[in-house]
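J.: Below you'll find the structure I mean.
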Amino acid sequence: MQFPRDETLRTLLSDLYCGESSSDLEVLSSQLLQILGQPSAHADSSFDVHSWNGNDVVLITYADTVVDEERPALQGLSTFVNRHLQLFAPVIHVLPFLEATSDGGFAVASHSRLESRHGDWSDLAALAEGRRLMADLVLNHVSASHPWVRQFLSDQEPGRFCVLEAAPDPCWDQVVRPRSSALFTQLQGPSGSRQVWTTFGPDQVDLDWRHPEVLLGFARLLKRKLNHGVRWIRLDAVGFVWKEPNTRCIHQPQAHRLVEVLRYLLTHACGGGGVVVTETNVPEQENLSYLRTGREAHLAYNFPLPPLLLEAAMSGSADLLNG
């Protein structure tokens, strides 16, 4: 399948991968568009991203919050929501449901398989029927059991390019940490021990976004989720994806550019039905930095908002909510 030259995408990619040649960027752009498919009339136009309002509610849930021992979790969740919350929750955010090893699903071990207890891709598609469905792209890291990590340790493609290797150095003294565990972890492979970044803990191995293979892998995952009804994409831990020496290693310009690239690809694939939400558990002004240009996120995920809403409802006062 041939695609016309996409100068906008190529320009975005050139800012992200400044070391790549013009021809390599052209190839990468074409690969990404081929993965996501030809934009056409089938692109989802049922929802305009500017049409949400104060009446919209987003329900956030784990796949197995509703337990039905006789069937997979996503089937039980679908039945419960359709029966009791159909009008209340026009948007459902299902927290990570892919095969994982820890951290409530955020240590993703497979980009192609769901946890067996949750069901399969068809169950996810069934949940999406009649509503807007949000799912995560866990961008900063994968499980230490992910194929990319095993390939990295064995020096095999594509994983050999996908993991962020590290050496202790004073230039990392300013790194912002979301955890108290070690920033670097030694992993043992066939050729010996290798030290990798583990910003979120030893079972969550950071990815090397400097290599386009990581973007290609996430484009494939994005396409798979779109094919099964997901239209809202939350970019988990996106602020941490790019590390530069002698910086805080958070909110780097390349992280913002990556959000632009992913929004562009989502819009290419599903038009006005696609929504990008950034998950950055940071102070308000840092959160808003992903919204100001109008080219990055459509929405920013704000952790304090749900408990503040509950506090306002229970106390009858919006003082803290407005503070």
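Chain labels run A, B, ... following the order of the structure tokens; each chain numbers its residues from 1, and ligands are numbered from 1 in the order shown.
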Hey, which bits of range 97-215 of chain A sit within 10 Å of range 59-68 of chain A, and for each residue what's the closest pair of atoms and how far apart in Å (one decimal), counting only C-alpha atoms, rows by chain and increasing number, as CSV?

T.:
```
residue,atom,partner,partner_atom,distance
A:Phe97,CA,A:Ala63,CA,6.2
A:Leu98,CA,A:Ala63,CA,9.9
A:Gly104,CA,A:Tyr62,CA,8.6
A:Gly105,CA,A:Tyr62,CA,9.1
A:Glu115,CA,A:Ala63,CA,9.7
A:Arg117,CA,A:Asp64,CA,8.2
A:His118,CA,A:Ala63,CA,6.4
A:Gly119,CA,A:Ala63,CA,9.4
A:Leu124,CA,A:Ala63,CA,9.5
A:Leu133,CA,A:Leu59,CA,9.7
A:Met134,CA,A:Ile60,CA,8.9
A:Ala135,CA,A:Ile60,CA,9.9
```

J.: Any chance you could export the current selection's C-alpha atoms as a short mmCIF file (atom, residue, chain, number, x, y, z; two decimals), in the first residue's frame?

T.:
```cif
data_model
loop_
_atom_site.label_atom_id
_atom_site.label_comp_id
_atom_site.auth_asym_id
_atom_site.auth_seq_id
_atom_site.Cartn_x
_atom_site.Cartn_y
_atom_site.Cartn_z
CA PHE A 97 -5.85 -5.06 30.64
CA LEU A 98 -2.91 -6.48 28.71
CA GLY A 104 -1.87 -3.32 38.66
CA GLY A 105 -1.25 -4.00 34.98
CA GLU A 115 -4.70 -11.23 30.74
CA ARG A 117 -8.88 -13.75 33.27
CA HIS A 118 -9.99 -10.52 31.58
CA GLY A 119 -11.07 -12.19 28.34
CA LEU A 124 -13.01 -5.37 24.72
CA LEU A 133 -13.83 3.64 25.39
CA MET A 134 -10.50 4.85 26.81
CA ALA A 135 -7.41 2.67 27.20
#
```

J.: Among range 69-307 of chain A, which ones does DSSP assign to strand (DSSP E or B) (computed from the backbone)? Answer as a VMD selection string.

T.: chain A and resid 91 to 94 98 100 108 114 132 to 138 141 to 143 163 165 184 to 189 192 to 197 204 to 207 230 to 236 275 to 279 299 to 301

J.: With only C-alpha atoms as the atoms that count, which of A:Thr247, A:Thr198, A:Gln151, A:Gln188 lies nearest to Pro170 in chain A?

T.: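 Closest residue, counting only C-alpha atoms: A:Thr247.
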
J.: In terms of the shortest atom-to-atom distance over only C-alpha atoms, which of A:Asp155, A:Asp173, A:Asp208, A:Asp123 is closest to Tyr17 in chain A?

T.: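 The shortest atom-to-atom distance to Tyr17 in chain A comes from A:Asp208.
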
J.: Among the residues of range 135-210 of chain A, find those DSSP assigns to helix (DSSP H, G or I) from the backbone and print them as a PyMOL selection string.

T.: chain A and resi 147-153+159-161+170-172

J.: Counting only C-alpha atoms, figure out which residue out of A:Gly239, A:Gly189, A:Pro253, A:Pro178 gets nearest to Glu286 in chain A.

T.: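 Checking each candidate against Glu286 in chain A, we get A:Gly239 as the closest.
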
J.: Would you compute the distance between CA of Trp172 in chain A and CA of Ser143 in chain A? Give it in Å to one decimal.

T.: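 Rounded to one decimal, the two atoms are 22.7 Å apart.
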